[in-house]
file upload.csv (CSV, N, CA and C atoms)
chain,number,residue,atom,x,y,z
A,1,MET,N,15.4,-37.2,-44.0
A,1,MET,CA,15.6,-37.9,-45.3
A,1,MET,C,17.0,-37.4,-45.9
A,2,SER,N,17.3,-36.2,-45.6
A,2,SER,CA,18.6,-35.6,-46.2
A,2,SER,C,19.8,-36.4,-45.6
A,3,HIS,N,19.7,-37.0,-44.5
A,3,HIS,CA,20.8,-37.7,-43.9
A,3,HIS,C,21.0,-39.2,-44.4
A,4,GLN,N,20.1,-39.6,-45.4
A,4,GLN,CA,20.2,-41.0,-45.9
A,4,GLN,C,21.5,-41.2,-46.6
A,5,ASN,N,21.9,-40.2,-47.4
A,5,ASN,CA,23.2,-40.4,-48.2
A,5,ASN,C,24.4,-40.5,-47.2
A,6,LYS,N,24.4,-39.7,-46.1
A,6,LYS,CA,25.4,-39.8,-45.1
A,6,LYS,C,25.5,-41.1,-44.5
A,7,LEU,N,24.3,-41.7,-44.2
A,7,LEU,CA,24.2,-43.0,-43.6
A,7,LEU,C,24.7,-44.1,-44.5
A,8,MET,N,24.4,-44.0,-45.7
A,8,MET,CA,24.8,-45.0,-46.7
A,8,MET,C,26.3,-44.9,-46.9
A,9,GLU,N,26.9,-43.7,-47.0
A,9,GLU,CA,28.3,-43.6,-47.1
A,9,GLU,C,29.0,-44.2,-45.9
A,10,THR,N,28.5,-43.9,-44.7
A,10,THR,CA,29.1,-44.5,-43.5
A,10,THR,C,29.1,-46.0,-43.5
A,11,LEU,N,28.0,-46.6,-44.0
A,11,LEU,CA,27.8,-48.0,-44.0
A,11,LEU,C,28.8,-48.7,-45.1
A,12,ASN,N,28.9,-48.0,-46.2
A,12,ASN,CA,29.7,-48.6,-47.3
A,12,ASN,C,31.2,-48.4,-47.1
A,13,ASP,N,31.6,-47.4,-46.4
A,13,ASP,CA,33.0,-47.1,-46.1
A,13,ASP,C,33.4,-47.6,-44.7
A,14,GLN,N,34.2,-48.7,-44.7
A,14,GLN,CA,34.5,-49.3,-43.4
A,14,GLN,C,35.5,-48.4,-42.6
A,15,SER,N,36.1,-47.5,-43.2
A,15,SER,CA,37.1,-46.6,-42.5
A,15,SER,C,36.5,-45.5,-41.7
A,16,LYS,N,35.2,-45.2,-42.0
A,16,LYS,CA,34.5,-44.1,-41.3
A,16,LYS,C,34.0,-44.7,-39.9
A,17,PRO,N,33.9,-43.7,-38.9
A,17,PRO,CA,33.4,-44.2,-37.6
A,17,PRO,C,32.0,-44.8,-37.7
A,18,THR,N,31.7,-45.6,-36.7
A,18,THR,CA,30.4,-46.3,-36.7
A,18,THR,C,29.3,-45.5,-36.1
A,19,LYS,N,29.6,-44.3,-35.5
A,19,LYS,CA,28.5,-43.4,-35.0
A,19,LYS,C,28.4,-42.2,-35.9
A,20,ILE,N,27.1,-41.9,-36.2
A,20,ILE,CA,26.9,-40.7,-37.0
A,20,ILE,C,25.8,-39.8,-36.3
A,21,GLN,N,25.8,-38.6,-36.6
A,21,GLN,CA,24.8,-37.6,-36.0
A,21,GLN,C,23.7,-37.4,-37.0
A,22,ILE,N,22.5,-37.7,-36.6
A,22,ILE,CA,21.3,-37.5,-37.4
A,22,ILE,C,20.3,-36.6,-36.7
A,23,GLU,N,20.0,-35.5,-37.4
A,23,GLU,CA,19.1,-34.5,-36.8
A,23,GLU,C,17.7,-35.2,-36.4
A,24,GLY,N,17.3,-35.0,-35.2
A,24,GLY,CA,16.1,-35.5,-34.7
A,24,GLY,C,16.2,-36.9,-34.0
A,25,LEU,N,17.3,-37.6,-34.3
A,25,LEU,CA,17.6,-38.9,-33.7
A,25,LEU,C,18.8,-38.9,-32.8
A,26,GLY,N,19.7,-37.9,-33.0
A,26,GLY,CA,20.9,-37.9,-32.2
A,26,GLY,C,22.0,-38.8,-32.7
A,27,ASP,N,22.9,-39.3,-31.9
A,27,ASP,CA,24.0,-40.1,-32.3
A,27,ASP,C,23.4,-41.5,-32.5
A,28,VAL,N,23.7,-42.1,-33.7
A,28,VAL,CA,23.2,-43.4,-34.1
A,28,VAL,C,24.4,-44.3,-34.4
A,29,ASP,N,24.5,-45.5,-33.7
A,29,ASP,CA,25.5,-46.5,-33.9
A,29,ASP,C,25.1,-47.3,-35.1
A,30,VAL,N,25.9,-47.3,-36.2
A,30,VAL,CA,25.6,-48.1,-37.4
A,30,VAL,C,26.4,-49.3,-37.6
A,31,ALA,N,27.2,-49.7,-36.6
A,31,ALA,CA,28.1,-50.9,-36.8
A,31,ALA,C,27.3,-52.2,-37.1
A,32,HIS,N,26.2,-52.4,-36.4
A,32,HIS,CA,25.4,-53.6,-36.6
A,32,HIS,C,24.6,-53.6,-37.9
A,33,LEU,N,24.5,-52.4,-38.6
A,33,LEU,CA,23.8,-52.3,-39.9
A,33,LEU,C,24.7,-52.7,-41.1
A,34,ARG,N,26.0,-52.7,-40.9
A,34,ARG,CA,26.9,-52.9,-42.0
A,34,ARG,C,26.7,-54.3,-42.6
A,35,SER,N,26.2,-55.2,-41.9
A,35,SER,CA,26.0,-56.6,-42.4
A,35,SER,C,24.6,-56.7,-43.2
A,36,ASN,N,23.7,-55.7,-43.0
A,36,ASN,CA,22.4,-55.7,-43.6
A,36,ASN,C,22.2,-54.5,-44.5
A,37,VAL,N,23.1,-54.1,-45.3
A,37,VAL,CA,23.0,-52.9,-46.1
A,37,VAL,C,21.8,-52.9,-47.0
A,38,GLY,N,21.3,-54.0,-47.4
A,38,GLY,CA,20.2,-54.1,-48.4
A,38,GLY,C,18.9,-53.5,-47.8
A,39,ILE,N,18.6,-53.7,-46.5
A,39,ILE,CA,17.4,-53.2,-46.0
A,39,ILE,C,17.5,-51.9,-45.2
A,40,VAL,N,18.7,-51.4,-45.1
A,40,VAL,CA,19.0,-50.2,-44.4
A,40,VAL,C,18.2,-49.0,-44.9
A,41,GLN,N,18.1,-48.9,-46.2
A,41,GLN,CA,17.4,-47.8,-46.8
A,41,GLN,C,15.9,-47.8,-46.4
A,42,GLU,N,15.3,-49.0,-46.5
A,42,GLU,CA,13.9,-49.2,-46.1
A,42,GLU,C,13.7,-48.9,-44.7
A,43,ALA,N,14.6,-49.4,-43.8
A,43,ALA,CA,14.5,-49.1,-42.4
A,43,ALA,C,14.7,-47.7,-42.1
A,44,PHE,N,15.6,-47.0,-42.7
A,44,PHE,CA,15.8,-45.6,-42.5
A,44,PHE,C,14.6,-44.8,-42.9
A,45,ASP,N,14.0,-45.1,-44.1
A,45,ASP,CA,12.8,-44.5,-44.6
A,45,ASP,C,11.7,-44.7,-43.6
A,46,LEU,N,11.5,-45.9,-43.1
A,46,LEU,CA,10.4,-46.2,-42.1
A,46,LEU,C,10.6,-45.4,-40.8
A,47,ARG,N,11.9,-45.3,-40.4
A,47,ARG,CA,12.2,-44.6,-39.1
A,47,ARG,C,11.9,-43.1,-39.3
A,48,MET,N,12.2,-42.5,-40.4
A,48,MET,CA,12.0,-41.1,-40.7
A,48,MET,C,10.5,-40.8,-40.7
A,49,ARG,N,9.8,-41.7,-41.4
A,49,ARG,CA,8.3,-41.6,-41.5
A,49,ARG,C,7.6,-41.7,-40.1
A,50,LEU,N,8.1,-42.6,-39.3
A,50,LEU,CA,7.5,-42.8,-38.0
A,50,LEU,C,7.8,-41.6,-37.1
A,51,THR,N,9.0,-41.0,-37.3
A,51,THR,CA,9.4,-39.9,-36.5
A,51,THR,C,8.5,-38.7,-36.9
A,52,ALA,N,8.4,-38.5,-38.2
A,52,ALA,CA,7.5,-37.4,-38.7
A,52,ALA,C,6.1,-37.6,-38.2
A,53,TYR,N,5.6,-38.8,-38.3
A,53,TYR,CA,4.2,-39.1,-37.8
A,53,TYR,C,4.1,-38.8,-36.3
A,54,TRP,N,5.1,-39.2,-35.5
A,54,TRP,CA,5.0,-39.0,-34.1
A,54,TRP,C,5.0,-37.5,-33.7
A,55,LYS,N,5.8,-36.7,-34.5
A,55,LYS,CA,5.8,-35.3,-34.2
A,55,LYS,C,4.4,-34.7,-34.5
A,56,VAL,N,3.7,-35.2,-35.6
A,56,VAL,CA,2.4,-34.7,-35.9
A,56,VAL,C,1.4,-35.1,-34.8
A,57,VAL,N,1.5,-36.4,-34.3
A,57,VAL,CA,0.7,-36.9,-33.2
A,57,VAL,C,0.9,-36.1,-32.0
A,58,LEU,N,2.1,-35.8,-31.6
A,58,LEU,CA,2.3,-35.0,-30.4
A,58,LEU,C,1.8,-33.6,-30.6
A,59,ARG,N,1.9,-32.9,-31.7
A,59,ARG,CA,1.4,-31.6,-31.9
A,59,ARG,C,-0.2,-31.6,-31.8
A,60,ARG,N,-0.8,-32.7,-32.4
A,60,ARG,CA,-2.2,-32.8,-32.3
A,60,ARG,C,-2.7,-33.0,-30.9
A,61,LEU,N,-1.9,-33.8,-30.2
A,61,LEU,CA,-2.3,-34.0,-28.8
A,61,LEU,C,-2.2,-32.8,-27.9
A,62,VAL,N,-1.2,-32.0,-28.1
A,62,VAL,CA,-1.0,-30.7,-27.4
A,62,VAL,C,-2.1,-29.8,-27.8
A,63,ASP,N,-2.4,-29.7,-29.1
A,63,ASP,CA,-3.5,-28.8,-29.6
A,63,ASP,C,-4.9,-29.3,-29.0
A,64,SER,N,-5.1,-30.6,-29.0
A,64,SER,CA,-6.3,-31.1,-28.4
A,64,SER,C,-6.5,-30.8,-26.9
A,65,MET,N,-5.4,-30.9,-26.2
A,65,MET,CA,-5.4,-30.6,-24.8
A,65,MET,C,-5.7,-29.1,-24.5
A,66,ALA,N,-5.1,-28.3,-25.3
A,66,ALA,CA,-5.4,-26.9,-25.2
A,66,ALA,C,-6.9,-26.5,-25.5
A,67,LEU,N,-7.4,-27.1,-26.6
A,67,LEU,CA,-8.8,-26.9,-26.9
A,67,LEU,C,-9.7,-27.5,-25.8
A,68,HIS,N,-9.4,-28.6,-25.3
A,68,HIS,CA,-10.2,-29.2,-24.2
A,68,HIS,C,-10.2,-28.3,-23.0
A,69,LEU,N,-9.0,-27.7,-22.6
A,69,LEU,CA,-8.9,-26.8,-21.5
A,69,LEU,C,-9.8,-25.6,-21.7
A,70,LEU,N,-9.7,-25.0,-22.9
A,70,LEU,CA,-10.4,-23.8,-23.3
A,70,LEU,C,-11.9,-24.1,-23.2
A,71,PHE,N,-12.4,-25.3,-23.7
A,71,PHE,CA,-13.8,-25.7,-23.7
A,71,PHE,C,-14.2,-25.9,-22.2
A,72,SER,N,-13.4,-26.5,-21.4
A,72,SER,CA,-13.8,-26.7,-20.0
A,72,SER,C,-13.9,-25.4,-19.2
A,73,ILE,N,-13.0,-24.5,-19.5
A,73,ILE,CA,-13.0,-23.1,-18.8
A,73,ILE,C,-14.3,-22.4,-19.3
A,74,GLN,N,-14.6,-22.5,-20.5
A,74,GLN,CA,-15.7,-21.8,-21.1
A,74,GLN,C,-17.0,-22.3,-20.5
A,75,ASN,N,-17.1,-23.6,-20.3
A,75,ASN,CA,-18.3,-24.2,-19.7
A,75,ASN,C,-18.4,-23.8,-18.3
A,76,LEU,N,-17.3,-23.9,-17.5
A,76,LEU,CA,-17.3,-23.5,-16.1
A,76,LEU,C,-17.8,-22.0,-16.0
A,77,LEU,N,-17.2,-21.2,-16.8
A,77,LEU,CA,-17.6,-19.8,-16.8
A,77,LEU,C,-19.1,-19.5,-17.1
A,78,ASN,N,-19.6,-20.3,-18.1
A,78,ASN,CA,-21.0,-20.1,-18.5
A,78,ASN,C,-21.9,-20.6,-17.3
A,79,LYS,N,-21.6,-21.7,-16.7
A,79,LYS,CA,-22.4,-22.1,-15.6
A,79,LYS,C,-22.4,-21.2,-14.4
A,80,GLU,N,-21.2,-20.6,-14.1
A,80,GLU,CA,-21.1,-19.6,-13.0
A,80,GLU,C,-21.9,-18.4,-13.3
A,81,MET,N,-21.8,-17.9,-14.6
A,81,MET,CA,-22.5,-16.7,-15.0
A,81,MET,C,-24.0,-16.9,-15.0
A,82,GLU,N,-24.4,-18.1,-15.4
A,82,GLU,CA,-25.8,-18.4,-15.4
A,82,GLU,C,-26.4,-18.4,-14.0
A,83,THR,N,-25.6,-19.0,-13.0
A,83,THR,CA,-26.0,-19.0,-11.6
A,83,THR,C,-26.1,-17.6,-11.1
A,84,GLU,N,-25.1,-16.8,-11.4
A,84,GLU,CA,-25.0,-15.4,-11.0
A,84,GLU,C,-26.2,-14.6,-11.5
A,85,ILE,N,-26.5,-14.7,-12.8
A,85,ILE,CA,-27.6,-14.0,-13.4
A,85,ILE,C,-28.9,-14.4,-12.8
A,86,ILE,N,-29.1,-15.7,-12.6
A,86,ILE,CA,-30.4,-16.2,-12.0
A,86,ILE,C,-30.5,-15.6,-10.6
A,87,THR,N,-29.4,-15.6,-9.9
A,87,THR,CA,-29.5,-15.1,-8.5
A,87,THR,C,-29.8,-13.6,-8.5
A,88,GLU,N,-29.2,-12.9,-9.5
A,88,GLU,CA,-29.5,-11.4,-9.6
A,88,GLU,C,-30.9,-11.2,-10.0
A,89,VAL,N,-31.5,-11.9,-10.9
A,89,VAL,CA,-32.8,-11.7,-11.4
A,89,VAL,C,-33.8,-12.1,-10.3
A,90,ILE,N,-33.6,-13.2,-9.7
A,90,ILE,CA,-34.6,-13.6,-8.6
A,90,ILE,C,-34.4,-12.8,-7.4
A,91,GLY,N,-33.2,-12.5,-7.0
A,91,GLY,CA,-33.0,-11.7,-5.8
A,91,GLY,C,-33.1,-12.5,-4.5
A,92,PRO,N,-32.7,-11.9,-3.4
A,92,PRO,CA,-32.7,-12.6,-2.2
A,92,PRO,C,-34.1,-12.9,-1.7
A,93,GLU,N,-35.1,-12.0,-1.9
A,93,GLU,CA,-36.5,-12.3,-1.5
A,93,GLU,C,-37.4,-12.5,-2.7
A,94,GLY,N,-36.9,-12.8,-3.8
A,94,GLY,CA,-37.7,-13.0,-5.0
A,94,GLY,C,-38.1,-11.7,-5.6
A,95,ASN,N,-37.5,-10.6,-5.3
A,95,ASN,CA,-38.0,-9.3,-5.9
A,95,ASN,C,-36.9,-8.7,-6.8
A,96,GLY,N,-36.0,-9.5,-7.3
A,96,GLY,CA,-34.9,-9.0,-8.1
A,96,GLY,C,-35.4,-8.4,-9.4
A,97,LEU,N,-36.4,-9.1,-10.0
A,97,LEU,CA,-36.9,-8.6,-11.3
A,97,LEU,C,-37.7,-7.3,-11.1
A,98,GLU,N,-38.5,-7.2,-10.1
A,98,GLU,CA,-39.2,-6.0,-9.8
A,98,GLU,C,-38.2,-4.8,-9.5
A,99,ARG,N,-37.2,-5.1,-8.8
A,99,ARG,CA,-36.2,-4.1,-8.5
A,99,ARG,C,-35.5,-3.6,-9.8
A,100,MET,N,-35.2,-4.6,-10.7
A,100,MET,CA,-34.6,-4.2,-12.0
A,100,MET,C,-35.5,-3.3,-12.8
A,101,LEU,N,-36.9,-3.6,-12.7
A,101,LEU,CA,-37.8,-2.8,-13.5
A,101,LEU,C,-38.1,-1.5,-13.0
A,102,ASN,N,-37.8,-1.2,-11.7
A,102,ASN,CA,-38.1,0.1,-11.1
A,102,ASN,C,-37.2,1.2,-11.8
A,103,GLU,N,-37.9,2.3,-12.0
A,103,GLU,CA,-37.1,3.4,-12.6
A,103,GLU,C,-36.2,4.1,-11.6
A,104,SER,N,-35.0,4.3,-12.0
A,104,SER,CA,-34.1,5.0,-11.1
A,104,SER,C,-34.5,6.4,-10.8
A,105,PRO,N,-34.1,7.0,-9.7
A,105,PRO,CA,-34.5,8.4,-9.3
A,105,PRO,C,-33.9,9.4,-10.3
A,106,THR,N,-32.8,9.2,-10.8
A,106,THR,CA,-32.2,10.1,-11.7
A,106,THR,C,-32.9,10.1,-13.1
A,107,VAL,N,-33.3,9.0,-13.5
A,107,VAL,CA,-34.1,8.9,-14.8
A,107,VAL,C,-35.4,9.5,-14.6
A,108,ALA,N,-36.1,9.3,-13.5
A,108,ALA,CA,-37.4,9.9,-13.2
A,108,ALA,C,-37.3,11.4,-13.2
A,109,GLU,N,-36.2,11.9,-12.5
A,109,GLU,CA,-36.0,13.4,-12.4
A,109,GLU,C,-35.8,14.0,-13.8
A,110,LYS,N,-35.0,13.3,-14.6
A,110,LYS,CA,-34.7,13.8,-16.0
A,110,LYS,C,-36.0,13.8,-16.8
A,111,ARG,N,-36.8,12.7,-16.7
A,111,ARG,CA,-38.1,12.7,-17.4
A,111,ARG,C,-39.0,13.8,-17.0
A,112,ASN,N,-39.1,14.1,-15.7
A,112,ASN,CA,-39.9,15.2,-15.3
A,112,ASN,C,-39.4,16.6,-15.8
A,113,ARG,N,-38.1,16.8,-15.8
A,113,ARG,CA,-37.5,18.0,-16.4
A,113,ARG,C,-37.9,18.2,-17.8
A,114,LEU,N,-37.8,17.1,-18.6
A,114,LEU,CA,-38.1,17.1,-20.0
A,114,LEU,C,-39.6,17.4,-20.2
A,115,LYS,N,-40.4,16.8,-19.4
A,115,LYS,CA,-41.9,17.1,-19.5
A,115,LYS,C,-42.1,18.6,-19.3
A,116,ASN,N,-41.5,19.1,-18.3
A,116,ASN,CA,-41.7,20.6,-18.0
A,116,ASN,C,-41.2,21.4,-19.1
A,117,SER,N,-40.0,21.0,-19.7
A,117,SER,CA,-39.5,21.8,-20.9
A,117,SER,C,-40.4,21.7,-22.0
A,118,ILE,N,-41.0,20.6,-22.3
A,118,ILE,CA,-42.0,20.4,-23.4
A,118,ILE,C,-43.2,21.3,-23.1
A,119,LYS,N,-43.7,21.3,-21.9
A,119,LYS,CA,-44.9,22.1,-21.5
A,119,LYS,C,-44.6,23.6,-21.7
A,120,LEU,N,-43.4,24.1,-21.3
A,120,LEU,CA,-43.0,25.5,-21.5
A,120,LEU,C,-42.8,25.8,-22.9
A,121,LEU,N,-42.3,24.9,-23.7
A,121,LEU,CA,-42.1,25.2,-25.1
A,121,LEU,C,-43.5,25.3,-25.8
A,122,LYS,N,-44.4,24.5,-25.5
A,122,LYS,CA,-45.8,24.6,-26.1
A,122,LYS,C,-46.4,25.9,-25.7
A,123,GLU,N,-46.3,26.3,-24.4
A,123,GLU,CA,-46.9,27.6,-24.0
A,123,GLU,C,-46.2,28.7,-24.7
A,124,SER,N,-44.9,28.6,-24.9
A,124,SER,CA,-44.2,29.7,-25.6
A,124,SER,C,-44.6,29.8,-27.1
A,125,LYS,N,-44.9,28.6,-27.6
A,125,LYS,CA,-45.4,28.6,-29.0
A,125,LYS,C,-46.7,29.2,-29.1
A,126,ASP,N,-47.6,29.0,-28.2
A,126,ASP,CA,-48.9,29.6,-28.2
A,126,ASP,C,-48.9,31.1,-28.0
A,127,VAL,N,-48.0,31.5,-27.1
A,127,VAL,CA,-47.8,33.0,-26.9
A,127,VAL,C,-47.3,33.6,-28.2
A,128,VAL,N,-46.3,33.1,-28.8
A,128,VAL,CA,-45.7,33.6,-30.0
A,128,VAL,C,-46.8,33.6,-31.1
A,129,SER,N,-47.6,32.5,-31.2
A,129,SER,CA,-48.7,32.4,-32.2
A,129,SER,C,-49.7,33.5,-32.0
A,130,ASN,N,-50.1,33.8,-30.7
A,130,ASN,CA,-51.0,34.9,-30.5
A,130,ASN,C,-50.5,36.2,-30.8
A,131,ILE,N,-49.2,36.5,-30.5
A,131,ILE,CA,-48.6,37.7,-30.9
A,131,ILE,C,-48.6,37.9,-32.4
A,132,MET,N,-48.3,36.8,-33.1
A,132,MET,CA,-48.2,36.9,-34.6
A,132,MET,C,-49.6,37.2,-35.2
A,133,ASP,N,-50.6,36.6,-34.6
A,133,ASP,CA,-52.0,36.8,-35.0
A,133,ASP,C,-52.4,38.3,-34.8
A,134,ARG,N,-52.1,38.8,-33.6
A,134,ARG,CA,-52.4,40.3,-33.4
A,134,ARG,C,-51.7,41.2,-34.4
A,135,ILE,N,-50.4,40.9,-34.6
A,135,ILE,CA,-49.7,41.7,-35.6
A,135,ILE,C,-50.3,41.6,-37.0
A,136,ALA,N,-50.7,40.4,-37.4
A,136,ALA,CA,-51.3,40.2,-38.7
A,136,ALA,C,-52.7,40.9,-38.8
A,137,THR,N,-53.5,40.9,-37.7
A,137,THR,CA,-54.8,41.6,-37.7
A,137,THR,C,-54.6,43.1,-37.6
A,138,TYR,N,-53.6,43.6,-36.9
A,138,TYR,CA,-53.3,45.0,-36.8
A,138,TYR,C,-52.8,45.6,-38.1
A,139,VAL,N,-52.0,44.9,-38.8
A,139,VAL,CA,-51.5,45.4,-40.1
A,139,VAL,C,-52.6,45.4,-41.1
A,140,ASP,N,-53.5,44.6,-41.1
A,140,ASP,CA,-54.5,44.5,-42.2
A,140,ASP,C,-55.5,45.6,-41.9
call {"tool": "encode", "arguments": {"input": "upload.csv", "output": "structure tokens"}}
result
Amino acid sequence: MSHQNKLMETLNDQSKPTKIQIEGLGDVDVAHLRSNVGIVQEAFDLRMRLTAYWKVVLRRLVDSMALHLLFSIQNLLNKEMETEIITEVIGPEGNGLERMLNESPTVAEKRNRLKNSIKLLKESKDVVSNIMDRIATYVD
């Protein structure tokens, strides 16, 4: 819209060249417009509005395509992951879930060590308690 004054000056001054540079439109030949100066402002306004609208449409189209691609990739990934998880849970012979529920040997070993530690600590507590009782009865 800032180029409208430049366009009107070129149309009104016959000595100026018939081609002008308008940002976004490039070189525009205005020789044929000199006979219709009355509607040039409206035509220029309409052209600028259409150009702005077209830029918005293109931007929306590009954004829409990007979102559609993202959505398609996400759906594809979800389907593949679902298939992979089902295959892992079911397993080759249908024992995938049982295999997943089995305790690993390292966890079983650690559990047994902790049980033994608890047992030893309880025995130590009993021994210390007996010693304290003897000391208490001996002092009295």
call {"tool": "atom_distance", "arguments": {"input": "upload.csv", "atom1": "CA of Glu103 in chain A", "atom2": "CA of Val89 in chain A"}}
result
15.7 Å
call {"tool": "atom_distance", "arguments": {"input": "upload.csv", "atom1": "CA of Leu77 in chain A", "atom2": "CA of Met100 in chain A"}}
result
23.6 Å
call {"tool": "atom_distance", "arguments": {"input": "upload.csv", "atom1": "atom N of Leu101 in chain A", "atom2": "atom N of Glu88 in chain A"}}
result
12.5 Å
call {"tool": "build_atoms", "arguments": {"input": "upload.csv", "residues": "range 90-108 of chain A", "atoms": "N, CA, C and O atoms", "output": "PDB file, in the frame of the given file"}}
result
ATOM      1  N   ILE A  90     -33.600 -13.200  -9.700  1.00  0.00           N
ATOM      2  CA  ILE A  90     -34.600 -13.600  -8.600  1.00  0.00           C
ATOM      3  C   ILE A  90     -34.400 -12.800  -7.400  1.00  0.00           C
ATOM      4  O   ILE A  90     -35.410 -12.374  -6.785  1.00  0.00           O
ATOM      5  N   GLY A  91     -33.200 -12.500  -7.000  1.00  0.00           N
ATOM      6  CA  GLY A  91     -33.000 -11.700  -5.800  1.00  0.00           C
ATOM      7  C   GLY A  91     -33.100 -12.500  -4.500  1.00  0.00           C
ATOM      8  O   GLY A  91     -33.583 -13.588  -4.540  1.00  0.00           O
ATOM      9  N   PRO A  92     -32.700 -11.900  -3.400  1.00  0.00           N
ATOM     10  CA  PRO A  92     -32.700 -12.600  -2.200  1.00  0.00           C
ATOM     11  C   PRO A  92     -34.100 -12.900  -1.700  1.00  0.00           C
ATOM     12  O   PRO A  92     -34.373 -13.947  -1.114  1.00  0.00           O
ATOM     13  N   GLU A  93     -35.100 -12.000  -1.900  1.00  0.00           N
ATOM     14  CA  GLU A  93     -36.500 -12.300  -1.500  1.00  0.00           C
ATOM     15  C   GLU A  93     -37.400 -12.500  -2.700  1.00  0.00           C
ATOM     16  O   GLU A  93     -38.624 -12.328  -2.537  1.00  0.00           O
ATOM     17  N   GLY A  94     -36.900 -12.800  -3.800  1.00  0.00           N
ATOM     18  CA  GLY A  94     -37.700 -13.000  -5.000  1.00  0.00           C
ATOM     19  C   GLY A  94     -38.100 -11.700  -5.600  1.00  0.00           C
ATOM     20  O   GLY A  94     -39.037 -11.764  -6.466  1.00  0.00           O
ATOM     21  N   ASN A  95     -37.500 -10.600  -5.300  1.00  0.00           N
ATOM     22  CA  ASN A  95     -38.000  -9.300  -5.900  1.00  0.00           C
ATOM     23  C   ASN A  95     -36.900  -8.700  -6.800  1.00  0.00           C
ATOM     24  O   ASN A  95     -36.958  -7.525  -7.071  1.00  0.00           O
ATOM     25  N   GLY A  96     -36.000  -9.500  -7.300  1.00  0.00           N
ATOM     26  CA  GLY A  96     -34.900  -9.000  -8.100  1.00  0.00           C
ATOM     27  C   GLY A  96     -35.400  -8.400  -9.400  1.00  0.00           C
ATOM     28  O   GLY A  96     -34.953  -7.372  -9.865  1.00  0.00           O
ATOM     29  N   LEU A  97     -36.400  -9.100 -10.000  1.00  0.00           N
ATOM     30  CA  LEU A  97     -36.900  -8.600 -11.300  1.00  0.00           C
ATOM     31  C   LEU A  97     -37.700  -7.300 -11.100  1.00  0.00           C
ATOM     32  O   LEU A  97     -37.511  -6.374 -11.934  1.00  0.00           O
ATOM     33  N   GLU A  98     -38.500  -7.200 -10.100  1.00  0.00           N
ATOM     34  CA  GLU A  98     -39.200  -6.000  -9.800  1.00  0.00           C
ATOM     35  C   GLU A  98     -38.200  -4.800  -9.500  1.00  0.00           C
ATOM     36  O   GLU A  98     -38.413  -3.707  -9.997  1.00  0.00           O
ATOM     37  N   ARG A  99     -37.200  -5.100  -8.800  1.00  0.00           N
ATOM     38  CA  ARG A  99     -36.200  -4.100  -8.500  1.00  0.00           C
ATOM     39  C   ARG A  99     -35.500  -3.600  -9.800  1.00  0.00           C
ATOM     40  O   ARG A  99     -35.198  -2.434  -9.922  1.00  0.00           O
ATOM     41  N   MET A 100     -35.200  -4.600 -10.700  1.00  0.00           N
ATOM     42  CA  MET A 100     -34.600  -4.200 -12.000  1.00  0.00           C
ATOM     43  C   MET A 100     -35.500  -3.300 -12.800  1.00  0.00           C
ATOM     44  O   MET A 100     -35.064  -2.512 -13.599  1.00  0.00           O
ATOM     45  N   LEU A 101     -36.900  -3.600 -12.700  1.00  0.00           N
ATOM     46  CA  LEU A 101     -37.800  -2.800 -13.500  1.00  0.00           C
ATOM     47  C   LEU A 101     -38.100  -1.500 -13.000  1.00  0.00           C
ATOM     48  O   LEU A 101     -38.698  -0.630 -13.696  1.00  0.00           O
ATOM     49  N   ASN A 102     -37.800  -1.200 -11.700  1.00  0.00           N
ATOM     50  CA  ASN A 102     -38.100   0.100 -11.100  1.00  0.00           C
ATOM     51  C   ASN A 102     -37.200   1.200 -11.800  1.00  0.00           C
ATOM     52  O   ASN A 102     -36.057   0.929 -12.067  1.00  0.00           O
ATOM     53  N   GLU A 103     -37.900   2.300 -12.000  1.00  0.00           N
ATOM     54  CA  GLU A 103     -37.100   3.400 -12.600  1.00  0.00           C
ATOM     55  C   GLU A 103     -36.200   4.100 -11.600  1.00  0.00           C
ATOM     56  O   GLU A 103     -36.607   4.300 -10.441  1.00  0.00           O
ATOM     57  N   SER A 104     -35.000   4.300 -12.000  1.00  0.00           N
ATOM     58  CA  SER A 104     -34.100   5.000 -11.100  1.00  0.00           C
ATOM     59  C   SER A 104     -34.500   6.400 -10.800  1.00  0.00           C
ATOM     60  O   SER A 104     -35.066   7.065 -11.697  1.00  0.00           O
ATOM     61  N   PRO A 105     -34.100   7.000  -9.700  1.00  0.00           N
ATOM     62  CA  PRO A 105     -34.500   8.400  -9.300  1.00  0.00           C
ATOM     63  C   PRO A 105     -33.900   9.400 -10.300  1.00  0.00           C
ATOM     64  O   PRO A 105     -34.616  10.353 -10.667  1.00  0.00           O
ATOM     65  N   THR A 106     -32.800   9.200 -10.800  1.00  0.00           N
ATOM     66  CA  THR A 106     -32.200  10.100 -11.700  1.00  0.00           C
ATOM     67  C   THR A 106     -32.900  10.100 -13.100  1.00  0.00           C
ATOM     68  O   THR A 106     -33.102  11.197 -13.648  1.00  0.00           O
ATOM     69  N   VAL A 107     -33.300   9.000 -13.500  1.00  0.00           N
ATOM     70  CA  VAL A 107     -34.100   8.900 -14.800  1.00  0.00           C
ATOM     71  C   VAL A 107     -35.400   9.500 -14.600  1.00  0.00           C
ATOM     72  O   VAL A 107     -35.897  10.276 -15.495  1.00  0.00           O
ATOM     73  N   ALA A 108     -36.100   9.300 -13.500  1.00  0.00           N
ATOM     74  CA  ALA A 108     -37.400   9.900 -13.200  1.00  0.00           C
ATOM     75  C   ALA A 108     -37.300  11.400 -13.200  1.00  0.00           C
ATOM     76  O   ALA A 108     -38.116  12.154 -13.728  1.00  0.00           O
TER      77      ALA A 108
END
